[in-house]
file work_15.pdb (PDB, C-alpha atoms)
ATOM      1  CA  MET A  24      28.783  18.361 -29.784
ATOM      2  CA  SER A  25      27.533  16.499 -32.820
ATOM      3  CA  GLU A  26      23.904  16.437 -33.791
ATOM      4  CA  GLU A  27      23.773  12.732 -32.946
ATOM      5  CA  ILE A  28      21.201  11.913 -30.311
ATOM      6  CA  TYR A  29      21.587   9.330 -27.575
ATOM      7  CA  SER A  30      19.169   6.883 -29.204
ATOM      8  CA  GLU A  31      21.455   6.618 -32.268
ATOM      9  CA  ASN A  32      24.557   5.814 -30.207
ATOM     10  CA  GLU A  33      25.442   2.097 -30.433
ATOM     11  CA  LEU A  34      26.574   1.783 -26.809
ATOM     12  CA  ILE A  35      23.507   3.534 -25.440
ATOM     13  CA  LYS A  36      21.223   1.450 -27.671
ATOM     14  CA  TRP A  37      22.810  -1.664 -26.180
ATOM     15  CA  TYR A  38      22.095  -0.428 -22.646
ATOM     16  CA  MET A  39      18.504   0.545 -23.569
ATOM     17  CA  ASN A  40      17.825  -2.864 -25.119
ATOM     18  CA  ASN A  41      19.002  -4.618 -21.951
ATOM     19  CA  ILE A  42      16.331  -3.040 -19.778
ATOM     20  CA  ARG A  43      13.641  -5.668 -19.821
ATOM     21  CA  LYS A  44      11.079  -7.059 -17.444
ATOM     22  CA  GLY A  45      12.925  -8.277 -14.356
ATOM     23  CA  ALA A  46      16.065  -6.196 -15.024
ATOM     24  CA  LYS A  47      17.945  -5.013 -11.967
ATOM     25  CA  GLU A  48      18.099  -1.342 -11.006
ATOM     26  CA  GLU A  49      21.813  -1.254 -11.788
ATOM     27  CA  LYS A  50      21.002  -1.657 -15.506
ATOM     28  CA  VAL A  51      18.945   1.543 -15.361
ATOM     29  CA  ASP A  52      21.803   3.260 -13.454
ATOM     30  CA  ASN A  53      24.287   2.221 -16.134
ATOM     31  CA  LEU A  54      22.028   3.429 -18.936
ATOM     32  CA  TRP A  55      21.662   6.877 -17.360
ATOM     33  CA  ALA A  56      25.394   7.100 -16.668
ATOM     34  CA  GLN A  57      25.985   6.534 -20.394
ATOM     35  CA  ILE A  58      23.325   9.028 -21.481
ATOM     36  CA  LEU A  59      24.730  11.720 -19.180
ATOM     37  CA  SER A  60      28.268  11.044 -20.424
ATOM     38  CA  PHE A  61      27.005  11.458 -23.975
ATOM     39  CA  TYR A  62      25.569  14.943 -23.332
ATOM     40  CA  TRP A  63      28.127  16.102 -20.746
ATOM     41  CA  PRO A  64      31.589  14.846 -21.777
ATOM     42  CA  THR A  65      34.649  14.862 -19.535
ATOM     43  CA  ARG A  66      36.498  17.154 -21.969
ATOM     44  CA  GLU A  67      34.080  19.879 -20.783
ATOM     45  CA  LYS A  68      34.918  19.252 -17.096
ATOM     46  CA  TYR A  69      31.863  17.105 -16.406
ATOM     47  CA  GLY A  70      31.880  13.810 -14.571
ATOM     48  CA  VAL A  71      29.329  11.086 -14.010
ATOM     49  CA  GLU A  72      29.345   9.333 -10.643
ATOM     50  CA  ARG A  73      27.420   6.237  -9.582
ATOM     51  CA  GLU A  74      26.376   5.379  -6.036
ATOM     52  CA  THR A  75      27.916   8.537  -4.572
ATOM     53  CA  HIS A  76      27.304   9.371  -0.922
ATOM     54  CA  ILE A  77      25.199  12.499  -0.927
ATOM     55  CA  ALA A  78      26.826  14.094   2.090
ATOM     56  CA  LYS A  79      30.007  13.575   4.065
ATOM     57  CA  HIS A  80      28.435  11.788   7.038
ATOM     58  CA  SER A  81      25.513  10.160   5.240
ATOM     59  CA  GLN A  82      25.045   6.552   4.215
ATOM     60  CA  MET A  83      22.530   7.670   1.557
ATOM     61  CA  ARG A  84      23.773   7.273  -2.000
ATOM     62  CA  ALA A  85      22.333   8.721  -5.173
ATOM     63  CA  ASN A  86      22.159   6.357  -8.140
ATOM     64  CA  VAL A  87      23.811   8.735 -10.615
ATOM     65  CA  ILE A  88      25.094  12.298 -10.232
ATOM     66  CA  LEU A  89      26.409  14.665 -12.877
ATOM     67  CA  THR A  90      29.242  16.823 -11.567
ATOM     68  CA  LYS A  91      31.305  19.706 -12.922
ATOM     69  CA  ILE A  92      34.531  21.329 -11.837
ATOM     70  CA  LYS A  93      33.943  24.989 -11.033
ATOM     71  CA  ASP A  94      36.347  27.269  -9.163
ATOM     72  CA  ASP A  95      38.571  24.231  -8.539
ATOM     73  CA  LYS A  96      35.731  22.418  -6.714
ATOM     74  CA  LEU A  97      33.586  19.507  -7.787
ATOM     75  CA  LYS A  98      29.945  20.622  -7.857
ATOM     76  CA  ARG A  99      26.762  18.651  -8.516
ATOM     77  CA  CYS A 100      24.435  19.779 -11.276
ATOM     78  CA  LEU A 101      22.038  16.895 -11.876
ATOM     79  CA  TYR A 102      20.811  13.916  -9.847
ATOM     80  CA  VAL A 103      19.257  10.772 -11.301
ATOM     81  CA  GLU A 104      17.157   8.398  -9.226
ATOM     82  CA  CYS A 105      16.805   5.060 -11.002
ATOM     83  CA  LYS A 106      14.399   2.234 -10.365
ATOM     84  CA  ARG A 107      14.081  -1.172 -11.970
ATOM     85  CA  PRO A 108      11.348  -1.538 -14.584
ATOM     86  CA  THR A 109       7.837  -2.209 -13.386
ATOM     87  CA  LYS A 110       5.929  -5.313 -14.542
ATOM     88  CA  SER A 111       6.821  -4.684 -18.177
ATOM     89  CA  ILE A 112       8.881  -1.961 -19.825
ATOM     90  CA  SER A 113       5.843  -0.947 -21.857
ATOM     91  CA  ILE A 114       3.725  -0.322 -18.750
ATOM     92  CA  GLU A 115       3.679   3.119 -17.182
ATOM     93  CA  PRO A 116       4.856   3.087 -13.552
ATOM     94  CA  THR A 117       2.076   3.687 -11.043
ATOM     95  CA  LYS A 118       1.482   7.055  -9.427
ATOM     96  CA  THR A 119       2.826   5.609  -6.161
ATOM     97  CA  GLU A 120       6.020   4.349  -7.842
ATOM     98  CA  TRP A 121       6.661   7.815  -9.291
ATOM     99  CA  GLU A 122       5.866   9.525  -5.977
ATOM    100  CA  ASN A 123       8.168   7.235  -3.983
ATOM    101  CA  ALA A 124      11.073   7.730  -6.391
ATOM    102  CA  ILE A 125      10.556  11.524  -6.477
ATOM    103  CA  GLU A 126      10.394  11.667  -2.675
ATOM    104  CA  GLN A 127      13.623   9.676  -2.408
ATOM    105  CA  LEU A 128      15.321  11.978  -4.914
ATOM    106  CA  GLN A 129      14.087  15.072  -3.061
ATOM    107  CA  GLY A 130      15.608  13.680   0.151
ATOM    108  CA  TYR A 131      18.993  13.216  -1.518
ATOM    109  CA  ILE A 132      18.927  16.735  -2.875
ATOM    110  CA  ASP A 133      17.950  18.191   0.513
ATOM    111  CA  LYS A 134      20.863  16.446   2.236
ATOM    112  CA  GLY A 135      23.410  17.251  -0.466
ATOM    113  CA  LYS A 136      22.465  20.917  -1.165
ATOM    114  CA  ARG A 137      25.745  22.570  -0.254
ATOM    115  CA  HIS A 138      27.555  20.627  -2.962
ATOM    116  CA  ASN A 139      25.401  21.930  -5.804
ATOM    117  CA  LEU A 140      26.706  23.876  -8.782
ATOM    118  CA  GLY A 141      24.405  26.763  -9.437
ATOM    119  CA  PRO A 142      21.099  28.397  -8.715
ATOM    120  CA  ASN A 143      19.119  25.640 -10.421
ATOM    121  CA  LEU A 144      19.607  21.952  -9.849
ATOM    122  CA  TYR A 145      18.196  19.436 -12.314
ATOM    123  CA  ALA A 146      16.918  15.962 -11.573
ATOM    124  CA  ILE A 147      15.724  12.893 -13.420
ATOM    125  CA  VAL A 148      13.703   9.915 -12.291
ATOM    126  CA  GLY A 149      14.123   6.876 -14.513
ATOM    127  CA  ILE A 150      11.934   3.844 -13.887
ATOM    128  CA  GLY A 151      12.984   1.246 -16.422
ATOM    129  CA  VAL A 152      12.776   3.031 -19.773
ATOM    130  CA  MET A 153      10.311   5.636 -18.494
ATOM    131  CA  VAL A 154      11.587   9.054 -17.423
ATOM    132  CA  ARG A 155      10.453  12.314 -15.831
ATOM    133  CA  PHE A 156      12.479  15.520 -15.482
ATOM    134  CA  PHE A 157      12.609  18.032 -12.614
ATOM    135  CA  VAL A 158      14.270  21.272 -11.557
ATOM    136  CA  LEU A 159      14.889  22.823  -8.175
ATOM    137  CA  HIS A 160      14.991  26.594  -8.611
ATOM    138  CA  ALA A 161      17.027  28.806  -6.305
ATOM    139  CA  GLY A 162      15.078  29.618  -3.164
ATOM    140  CA  GLN A 163      12.588  26.802  -3.625
ATOM    141  CA  LYS A 164      12.387  23.764  -1.397
ATOM    142  CA  SER A 165      10.777  21.174  -3.627
ATOM    143  CA  LEU A 166      11.359  19.812  -7.085
ATOM    144  CA  GLN A 167       9.209  21.176  -9.893
ATOM    145  CA  THR A 168       8.315  19.253 -13.027
ATOM    146  CA  TYR A 169      10.524  20.236 -15.965
ATOM    147  CA  GLY A 170       9.713  19.730 -19.629
ATOM    148  CA  GLY A 171       6.054  18.815 -19.133
ATOM    149  CA  THR A 172       4.121  16.736 -16.653
ATOM    150  CA  ALA A 173       3.938  13.473 -18.595
ATOM    151  CA  SER A 174       6.443  10.697 -18.288
ATOM    152  CA  LEU A 175       8.325   9.804 -21.445
ATOM    153  CA  SER A 176       9.730   6.595 -22.876
ATOM    154  CA  ILE A 177      13.428   6.922 -23.661
ATOM    155  CA  LYS A 178      12.769   4.650 -26.635
ATOM    156  CA  LYS A 179       9.492   5.877 -28.130
ATOM    157  CA  ASP A 180       9.849   9.539 -27.109
ATOM    158  CA  HIS A 181      13.567   9.824 -27.824
ATOM    159  CA  MET A 182      13.269  13.117 -29.724
ATOM    160  CA  GLU A 183      11.480  14.835 -26.811
ATOM    161  CA  VAL A 184      13.928  13.365 -24.275
ATOM    162  CA  HIS A 185      16.790  14.606 -26.468
ATOM    163  CA  ARG A 186      15.220  18.072 -26.636
ATOM    164  CA  ILE A 187      14.913  18.265 -22.836
ATOM    165  CA  LEU A 188      18.440  16.980 -22.213
ATOM    166  CA  THR A 189      19.835  19.441 -24.760
ATOM    167  CA  GLU A 190      17.930  22.285 -23.099
ATOM    168  CA  ILE A 191      19.233  21.330 -19.647
ATOM    169  CA  ARG A 192      22.741  21.094 -21.090
ATOM    170  CA  GLN A 193      22.449  24.631 -22.471
ATOM    171  CA  ARG A 194      21.152  25.961 -19.159
ATOM    172  CA  LEU A 195      24.021  24.338 -17.249
ATOM    173  CA  THR A 196      26.619  25.982 -19.483
ATOM    174  CA  LEU A 197      25.275  29.502 -18.880
TER
END
call {"tool": "encode", "arguments": {"input": "work_15.pdb", "output": "structure tokens"}}
result
Amino acid sequence: MSEEIYSENELIKWYMNNIRKGAKEEKVDNLWAQILSFYWPTREKYGVERETHIAKHSQMRANVILTKIKDDKLKRCLYVECKRPTKSISIEPTKTEWENAIEQLQGYIDKGKRHNLGPNLYAIVGIGVMVRFFVLHAGQKSLQTYGGTASLSIKKDHMEVHRILTEIRQRLTL
């Protein structure tokens, strides 16, 4: 993979710049689908799925899921729960907005567990251009903060977001 980071990619910049006050959630979904495709390309047996049912008999759908073919089966390695921007893209989502999105993501992961790739499952919550990262370690029941407790702006904190995504990518290839 080149040393280019997502924030330098013309297509991803276009998606980032289209997340403004009043943007629909689907714009955030599309942005994260592009970012995941950038770090986990199809040539390495990864896939990015949008609005995938989390279990066979469930109507619940995750916004974005990163998958990988392993042992001739499609396994999930990373879930992304996306939410439309709050009042303004420069305003930090409230504690309640973060908690609700994390709880929703945790529910998806709980229902879809048997489809997961490895011992650790990674997760992202993106609210507009703000992001937080999580991991579910083997044997644990709830998501743990990954990469620090603070939320990050995918625009202003792009180097730290890149570092975390690169680290997760390395851990998934082990």
call {"tool": "resolve_selection", "arguments": {"input": "work_15.pdb", "expression": "the PyMOL selection byres ((chain A and resi 63) around 12)", "output": "PyMOL selection string"}}
result
chain A and resi 24+29+55-62+64-71+88-91+100-101+188-189+191-193+195-196
call {"tool": "write_last_selection", "arguments": {"input": "work_15.pdb", "atoms": "C-alpha atoms", "output": "compact mmCIF listing (two decimals), in the frame of the given file"}}
result
# COMPACT_ATOMS: atom_id res chain seq x y z
CA MET A 24 28.78 18.36 -29.78
CA TYR A 29 21.59 9.33 -27.58
CA TRP A 55 21.66 6.88 -17.36
CA ALA A 56 25.39 7.10 -16.67
CA GLN A 57 25.98 6.53 -20.39
CA ILE A 58 23.32 9.03 -21.48
CA LEU A 59 24.73 11.72 -19.18
CA SER A 60 28.27 11.04 -20.42
CA PHE A 61 27.00 11.46 -23.98
CA TYR A 62 25.57 14.94 -23.33
CA PRO A 64 31.59 14.85 -21.78
CA THR A 65 34.65 14.86 -19.54
CA ARG A 66 36.50 17.15 -21.97
CA GLU A 67 34.08 19.88 -20.78
CA LYS A 68 34.92 19.25 -17.10
CA TYR A 69 31.86 17.10 -16.41
CA GLY A 70 31.88 13.81 -14.57
CA VAL A 71 29.33 11.09 -14.01
CA ILE A 88 25.09 12.30 -10.23
CA LEU A 89 26.41 14.66 -12.88
CA THR A 90 29.24 16.82 -11.57
CA LYS A 91 31.30 19.71 -12.92
CA CYS A 100 24.44 19.78 -11.28
CA LEU A 101 22.04 16.90 -11.88
CA LEU A 188 18.44 16.98 -22.21
CA THR A 189 19.84 19.44 -24.76
CA ILE A 191 19.23 21.33 -19.65
CA ARG A 192 22.74 21.09 -21.09
CA GLN A 193 22.45 24.63 -22.47
CA LEU A 195 24.02 24.34 -17.25
CA THR A 196 26.62 25.98 -19.48
call {"tool": "resolve_selection", "arguments": {"input": "work_15.pdb", "expression": "the PyMOL selection byres ((chain A and resi 148) around 10)", "output": "PyMOL selection string"}}
result
chain A and resi 55+102-106+121+124-125+127-128+146-147+149-151+153-157+174
call {"tool": "residues_around", "arguments": {"input": "work_15.pdb", "residues": "Ser30 in chain A", "least_positions_apart": "2", "cutoff": "12 Å", "atoms": "only C-alpha atoms", "output": "short mmCIF file (atom, residue, chain, number, x, y, z; two decimals) with C-alpha atoms, in the frame of the given file"}}
result
data_model
loop_
_atom_site.label_atom_id
_atom_site.label_comp_id
_atom_site.auth_asym_id
_atom_site.auth_seq_id
_atom_site.Cartn_x
_atom_site.Cartn_y
_atom_site.Cartn_z
CA GLU A 26 23.90 16.44 -33.79
CA GLU A 27 23.77 12.73 -32.95
CA ILE A 28 21.20 11.91 -30.31
CA ASN A 32 24.56 5.81 -30.21
CA GLU A 33 25.44 2.10 -30.43
CA LEU A 34 26.57 1.78 -26.81
CA ILE A 35 23.51 3.53 -25.44
CA LYS A 36 21.22 1.45 -27.67
CA TRP A 37 22.81 -1.66 -26.18
CA TYR A 38 22.10 -0.43 -22.65
CA MET A 39 18.50 0.55 -23.57
CA ASN A 40 17.82 -2.86 -25.12
CA LEU A 54 22.03 3.43 -18.94
CA GLN A 57 25.98 6.53 -20.39
CA ILE A 58 23.32 9.03 -21.48
CA PHE A 61 27.00 11.46 -23.98
CA TYR A 62 25.57 14.94 -23.33
CA SER A 176 9.73 6.60 -22.88
CA ILE A 177 13.43 6.92 -23.66
CA LYS A 178 12.77 4.65 -26.64
CA LYS A 179 9.49 5.88 -28.13
CA ASP A 180 9.85 9.54 -27.11
CA HIS A 181 13.57 9.82 -27.82
CA MET A 182 13.27 13.12 -29.72
CA GLU A 183 11.48 14.84 -26.81
CA VAL A 184 13.93 13.36 -24.28
CA HIS A 185 16.79 14.61 -26.47
#
call {"tool": "atom_distance", "arguments": {"input": "work_15.pdb", "atom1": "CA of Val158 in chain A", "atom2": "CA of Arg73 in chain A"}}
result
20.1 Å
call {"tool": "closest_residue", "arguments": {"input": "work_15.pdb", "among": "A:Asn53, A:Ser165, A:Asn86, A:Asn41", "to": "Glu126 in chain A", "atoms": "all atoms listed in the file"}}
result
A:Ser165
call {"tool": "atom_distance", "arguments": {"input": "work_15.pdb", "atom1": "CA of Arg186 in chain A", "atom2": "CA of Glu115 in chain A"}}
result
21.1 Å
call {"tool": "closest_residue", "arguments": {"input": "work_15.pdb", "among": "A:Gly170, A:Glu31, A:Arg194, A:Lys47", "to": "Pro108 in chain A", "atoms": "all atoms listed in the file"}}
result
A:Lys47
call {"tool": "closest_residue", "arguments": {"input": "work_15.pdb", "among": "A:Ile114, A:Leu166, A:Val87, A:Leu97", "to": "Glu74 in chain A", "atoms": "only C-alpha atoms"}}
result
A:Val87
call {"tool": "atom_distance", "arguments": {"input": "work_15.pdb", "atom1": "CA of Gly130 in chain A", "atom2": "CA of Arg107 in chain A"}}
result
19.2 Å
call {"tool": "closest_residue", "arguments": {"input": "work_15.pdb", "among": "A:Thr172, A:Thr109, A:Gln82, A:Thr117", "to": "Lys44 in chain A", "atoms": "only C-alpha atoms"}}
result
A:Thr109
call {"tool": "closest_residue", "arguments": {"input": "work_15.pdb", "among": "A:Ile92, A:Val152, A:Ala85, A:Ile132", "to": "Ala46 in chain A", "atoms": "only C-alpha atoms"}}
result
A:Val152
call {"tool": "build_atoms", "arguments": {"input": "work_15.pdb", "residues": "range 54-65 of chain A", "atoms": "all heavy atoms", "output": "CSV table (one decimal), in the frame of the given file"}}
result
chain,number,residue,atom,x,y,z
A,54,LEU,N,22.6,2.7,-17.8
A,54,LEU,CA,22.0,3.4,-18.9
A,54,LEU,C,22.1,4.9,-18.7
A,54,LEU,O,22.6,5.7,-19.6
A,54,LEU,CB,20.6,3.0,-19.2
A,54,LEU,CG,19.8,3.9,-20.2
A,54,LEU,CD1,20.5,3.7,-21.6
A,54,LEU,CD2,18.4,3.5,-20.3
A,55,TRP,N,21.7,5.4,-17.6
A,55,TRP,CA,21.7,6.9,-17.4
A,55,TRP,C,23.1,7.4,-17.2
A,55,TRP,O,23.4,8.5,-17.7
A,55,TRP,CB,20.8,7.3,-16.2
A,55,TRP,CG,19.4,7.3,-16.7
A,55,TRP,CD1,18.4,6.4,-16.5
A,55,TRP,CD2,18.8,8.4,-17.5
A,55,TRP,NE1,17.3,6.8,-17.2
A,55,TRP,CE2,17.5,8.0,-17.8
A,55,TRP,CE3,19.3,9.5,-18.0
A,55,TRP,CZ2,16.7,8.8,-18.6
A,55,TRP,CZ3,18.5,10.3,-18.8
A,55,TRP,CH2,17.2,10.0,-19.1
A,56,ALA,N,24.0,6.7,-16.7
A,56,ALA,CA,25.4,7.1,-16.7
A,56,ALA,C,25.9,7.3,-18.1
A,56,ALA,O,26.6,8.3,-18.4
A,56,ALA,CB,26.3,6.1,-15.9
A,57,GLN,N,25.5,6.4,-19.0
A,57,GLN,CA,26.0,6.5,-20.4
A,57,GLN,C,25.3,7.7,-21.1
A,57,GLN,O,26.0,8.5,-21.8
A,57,GLN,CB,25.7,5.2,-21.2
A,57,GLN,CG,26.4,4.0,-20.6
A,57,GLN,CD,27.9,4.3,-20.5
A,57,GLN,OE1,28.6,4.8,-21.4
A,57,GLN,NE2,28.5,3.8,-19.4
A,58,ILE,N,24.0,7.9,-20.9
A,58,ILE,CA,23.3,9.0,-21.5
A,58,ILE,C,23.9,10.4,-21.0
A,58,ILE,O,24.2,11.3,-21.8
A,58,ILE,CB,21.8,9.0,-21.2
A,58,ILE,CG1,21.2,7.8,-22.0
A,58,ILE,CG2,21.1,10.3,-21.6
A,58,ILE,CD1,19.7,7.5,-21.6
A,59,LEU,N,24.2,10.5,-19.7
A,59,LEU,CA,24.7,11.7,-19.2
A,59,LEU,C,26.1,12.0,-19.7
A,59,LEU,O,26.5,13.1,-20.1
A,59,LEU,CB,24.8,11.7,-17.7
A,59,LEU,CG,23.4,11.7,-16.9
A,59,LEU,CD1,23.6,11.8,-15.4
A,59,LEU,CD2,22.5,12.8,-17.4
A,60,SER,N,26.9,10.9,-19.8
A,60,SER,CA,28.3,11.0,-20.4
A,60,SER,C,28.2,11.5,-21.9
A,60,SER,O,29.1,12.2,-22.4
A,60,SER,CB,29.0,9.7,-20.3
A,60,SER,OG,29.3,9.4,-19.0
A,61,PHE,N,27.2,11.1,-22.6
A,61,PHE,CA,27.0,11.5,-24.0
A,61,PHE,C,26.8,13.0,-24.1
A,61,PHE,O,27.3,13.6,-25.0
A,61,PHE,CB,25.8,10.7,-24.6
A,61,PHE,CG,25.6,11.0,-26.0
A,61,PHE,CD1,26.3,10.4,-27.0
A,61,PHE,CD2,24.5,11.8,-26.4
A,61,PHE,CE1,26.0,10.6,-28.3
A,61,PHE,CE2,24.2,12.1,-27.7
A,61,PHE,CZ,25.0,11.5,-28.7
A,62,TYR,N,25.9,13.5,-23.2
A,62,TYR,CA,25.6,14.9,-23.3
A,62,TYR,C,26.5,15.8,-22.6
A,62,TYR,O,26.6,17.0,-22.9
A,62,TYR,CB,24.1,15.2,-22.8
A,62,TYR,CG,23.1,14.7,-23.8
A,62,TYR,CD1,22.6,13.4,-23.8
A,62,TYR,CD2,22.7,15.5,-24.8
A,62,TYR,CE1,21.7,13.0,-24.7
A,62,TYR,CE2,21.7,15.1,-25.8
A,62,TYR,CZ,21.3,13.8,-25.7
A,62,TYR,OH,20.3,13.4,-26.6
A,63,TRP,N,27.2,15.3,-21.6
A,63,TRP,CA,28.1,16.1,-20.7
A,63,TRP,C,29.5,15.4,-20.7
A,63,TRP,O,29.8,14.7,-19.7
A,63,TRP,CB,27.5,16.3,-19.3
A,63,TRP,CG,26.4,17.2,-19.3
A,63,TRP,CD1,26.4,18.6,-19.3
A,63,TRP,CD2,25.0,16.8,-19.3
A,63,TRP,NE1,25.1,19.1,-19.3
A,63,TRP,CE2,24.2,18.0,-19.3
A,63,TRP,CE3,24.3,15.6,-19.4
A,63,TRP,CZ2,22.8,18.0,-19.3
A,63,TRP,CZ3,22.9,15.6,-19.4
A,63,TRP,CH2,22.2,16.8,-19.4
A,64,PRO,N,30.3,15.6,-21.7
A,64,PRO,CA,31.6,14.8,-21.8
A,64,PRO,C,32.6,15.4,-20.8
A,64,PRO,O,32.6,16.5,-20.4
A,64,PRO,CB,32.0,15.1,-23.2
A,64,PRO,CG,31.4,16.3,-23.7
A,64,PRO,CD,30.1,16.4,-22.9
A,65,THR,N,33.6,14.5,-20.5
A,65,THR,CA,34.6,14.9,-19.5
A,65,THR,C,35.5,16.0,-20.1
A,65,THR,O,36.1,16.8,-19.3
A,65,THR,CB,35.5,13.6,-19.2
A,65,THR,OG1,36.1,13.1,-20.4
A,65,THR,CG2,34.8,12.6,-18.5
